[in-house]
Every structure is written in structure tokens, then in C-alpha cells.
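Student: Let me begin by handing over the structure; questions about it come next.
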Amino acid sequence: MVRGHKSNASFRDPDGFLFEVEETIFRQVNLSYKENFDLLMESGLYTRLVKEKLLIPHSEVNNSQKYSDSAYKVIKPLRIPFISYPYEWSFSQLKDAAFLTLQIERVALEFGMSLKDASAFNVQFLEGKPIFIDTLSFEKYKQDRPWVAYKQFCQHFLGPLALMSKKDIYLNKLSTVFLDGTPLKLVSTLLPWKTRLNLGLLVHIHLHASMQEKYSGKGVKKVGKFSKQSFLGLLDNLESTVKGLSWTPKGTEWGDYYSNTNYKRTAFKQKAALIEKYLTKSKPKFVWDLGANTGEFSRIASKKGIETIASDIDPAAVELNYRIVKEKSEKNILPLQIDLVNPSPGLGWRNLERDPFSGRGLVDCILALALIHHLTISNNIPLELQAEFFSSLSKYLIIEFVPKQDSQVQKLLSTRTDIFQNYTEEGFEKAFTQFYKIIDSTKIKGSQRSIYLLESLNAPNF
Amino acid sequence: MKNIKLSVLLYIGFLLLLFARPAFAYLDPGTGSFVFQFLIAGLVGALFLIKSFWRNLSVFFTKPFKKVTTNTAKSKNKTNGSRS
């Protein structure tokens, strides 16, 4: 047996759990899951799912690596560079995760197995595409029985997608409150009445919610048969319903930002070249572009083979960014919807089940471009606190200083009193040099902005 | 049109469900989702059957022309390719 750290997010399933030994993730498969694990591996289902890049691949390791005596086997799954959560995904990311879950269930049925849960947390993004990570979610298909994960699918995927599509895009944030999926009764109440004219939504949300209410707390003595035909029909109907939901970003907060900035074409090119130069100098493996908009500058990092997180507060920008990732089959960039002044907190049991955004995953360089004026002027966050926060995350910071004379800042100041006396280039350098050493800085020609490469004085170790 | 008719029928069913006795929300509603699947089994099964039937029928009728269409598409791509 080995000493390791059991994952805080993997304790509900009695059939196994994740544990970490010296930064390597292992999954213990318990004896209780022996029959299903053997069926998954020997039926050809695992090979097919891995071949189609639907399921995370793993290798079996020696059983001496086991964490406890209940082990049947120990496997080492491929590590996901950055764990993200459904409440951080854009509409299309959640939609693709829903399609993946249905596709896996359909393939599993072909091999005589079925998913016992359909949690959105079982999906992660790897090389630009969603992938199922819970190898222990498969069980032998029980003839004539309905899908045990139906409720979970509707609460984790269909409900939130319907709310985002038919009511308001920000309603994906309900997943932060309801970790096991948004209750269908709530979804049904929030959705516009006309969604009852959509057959799929009428059935899987509205009628389904009523049935849940009718039967809550009751058991059933006798059930009929749920044929394979009906099972496939259910999956097909869920898929059509998901397919019918759409959301087109319009009126984005920053969507037209690049065509509406103070940057002329030459200045824009110089900014890009500077970021490229500073990335070459700092040689990061992991970059977080905070306030990335649609990822124009994030791609300078990701195209260099750097694992890049491109986060933005605006769901439209994140959606557009993900569409570019899909269209160009990009592999090193993950767009996420994060509000930097209120990032995803630690959630679930003891606040440890889902990690907070800050401190999740490795990062050795942060890009904070055209961000500082939003943090300072729109959100009243003092420069010192920004410097302290960034320096606690990573060794290097590539930051753009946007002075008060800049028209974007003037816009922000137009409706409020200017209480930001320290918001000058001198004030910025004074605040940031408490935590950083300035490696280099350059003024962008044709604008009043500057780009800095800073190195943290107390770089976090990883 | 077919969808609207089905929606009307299901909506009547939905109204009937509204008269169900109030239940306690803190209890696990998993049973409702379980039973509900049996209720809609016929509907989703039938819709799937009809869809598969139409799909097969359209494949049967379009198959003889498919080869021609593919060829045309290919030659179109070639033309575009040579222009660039």
C-alpha cells in the first residue's frame, strides 16, 4: 500500500476513488466494481470509447500501489492539465458536454453497459474537446430498466441549457448553488410559458418536474418494462431537444472591443509582438490570460504550445472564443467564464469538493491585458491588492497599464467621481514593485499604454 | 404540426398533473424520474421508430443519387482549390 492524498472530490462512489501520490493521480477500483470494470475493459467498450476520444485513457499499475485493502485494481488516468467546472463553461461547452454524455451512453448500450450517472462534473476539456473522466461510471445494462441517470442528465445539462437559451445566459450560474444539478421544478418555474410548446422541454422539463413532485418521498412497488427501443428513443429525444437549444452572442460586453479600441493596426501588432517577446523571455508552461475577451492574445501563448486558460467575465466573449477553438481544432487553449472580482469559490462538502479558481492548477505566467482599469476604476480594487493577488498566483506577470488619459478609462470615469489619485504610471509602478521586480517595460507607439514584464519577489513554488 | 398536436395532448396531461397533491420537496424526487420514464416510454419509443423509418426511407431514395452528388461536390471543391 502507498501513502497518498485522497481526492476531496471523489468520495461518493463506493466503487472507487482518486488519490494523488507525488503529483501523480491514481484511481483505485474497489472489489465491489470488479464485475463492471472487467466488463468495461473486456467487452471492447473501453477501447472503442478511448479510440473515439470520448473517455479518458488510463494505464493499469501494479497493485502494490493500492491505497486500501478494498482495491481490485489501481489505474493511472491521463492527467487533465486544468480542471474546470460547468458553472465556468460557455453555452456551447455545456452543450458539447451534454452531447458527449449521450453519445457515450449510446455506445455503452451497444456493449451491454450503461452510465449510472450523468453528472456534468464527469466531463472535462482536453485538447479543446470535452472528454468523460469517470471510468467507474459504467455498469452492466439491466434489461427492461429505464436510465438511472435520466434525472441527473436533465438537471445537469438540459435544464441549465434551456434556461441559458430561453431565459438568460447568466442562469448557468445556478449550477454553483445546485451542485447536483438545477432542480427541475425551479427550471420549469423560470422558463417562459411558451417553452411548453416545445415537445422536448414540455416532456423532459415541465412534465418531468411535475412527476418528481408527485412522487417525492414515495416508493414504487410495481414497475413495467422499459424496452431497449424506448431507451434509445429517450436518448434520441434528449439529443434532439438539446440540439434544438441555441444561443447566439449579441451585444457582447467586449465582443467588438478590438474594432473599438485606442489601438491602431501598428500599435496592435506591436502589442502582440511584445507579448510574444515577454513570453519567450519568461518561458512559461502554463499561462492564464485573465480578461482574455475572445482570446486574441491568449493565442500568442497557446500557439507556442503553452497550456493556456483564457478567462473572461463576458459569456459572449467566452462563447465566441470556444467557437474559434472548435473551428480551428485548437488544443492548448481553454476558454472559461470567470468573474475575476468574484471567482469560483471552493464548493461542496466542507468547501473542498470543488476547488476555487485561484490556486487551481499550475500557472507560471499571467497575462493581464487591458484589465487593470476595470479592476481599479469599475471595481475599486486598490493597485496594491491587485499586485498582491497576481504575485500569489504565478512567477511572471505580463501586464498592460492603461493611463487615465486613455479614452477607455475616460469612459469609465465619465459617470463617476475620480477618486483614483494614485492611478498613474508612477502609482502603478510603486504599488507593483512592492511585490514584483520590473524585468522590462515598453510604451506602445500610437497609444498611451505600456506593457510590463514583471517577476514576483515571492514566487509560489510548484 | 405533428409536434404541436403532441404538445397539446401532453399539455392536457400536464394540467392533470398540476392537480396532484402537494409533496415534500426535501425528499429525494428520484422516484418521480424513474416512474416518469415508464410513462413516456411509448412516446419516445414511437418517435424514435418513426424517425428511424423516415431516415431509412430517405437513405433508400437518395442512395442512387448520392454518388452523383458526391462527385459534383468533389469537382466543385477542385475548382475552388485551383482558383486559390
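Quick note on naming: the chains in the C-alpha cells go A, B, ... in the order shown, residues restart at 1 in each chain, and ligands are numbered from 1 in order of appearance.
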Provide as a count of residues only the residues of chain A at most 7 Å from chain B, counting only C-alpha atoms.
Tutor: 24
Student: Excluding same-chain residues fewer than 3 positions from region 156-158 of chain A, what lies within 8 Å of it counting only C-alpha atoms, as a ChimeraX atom specification?
Tutor: /A:94-95,98,118-120,152-153,161-162,175,180-182,205,242
Student: Tell me, as a PyMOL selection string, which residues lie within 6 Å of Ile399 (chain A), counting only C-alpha atoms; anything in the same chain fewer than 2 positions away does not count.
Tutor: chain A and resi 368-369+397+451-452
Student: For CA of Gln124 (chain A) and CA of Leu336 (chain A), determine how far apart the two atoms are, in Å to one decimal place.
Tutor: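 According to the coordinates, CA of Gln124 (chain A) and CA of Leu336 (chain A) are separated by 12.0 Å.
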Student: Let me make sure I understand: among A:Lys283, A:Arg12, A:Asn321, A:Lys76, which one has the smallest atom-to-atom distance to Trp89 (chain A) if we use only C-alpha atoms?
Tutor: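 Of the candidates, the smallest distance to Trp89 (chain A) is held by A:Asn321.
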Student: In Å, how far is it from CA of Leu340 (chain A) to CA of Leu371 (chain A)?
Tutor: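 CA of Leu371 (chain A) lies 10.0 Å from CA of Leu340 (chain A).
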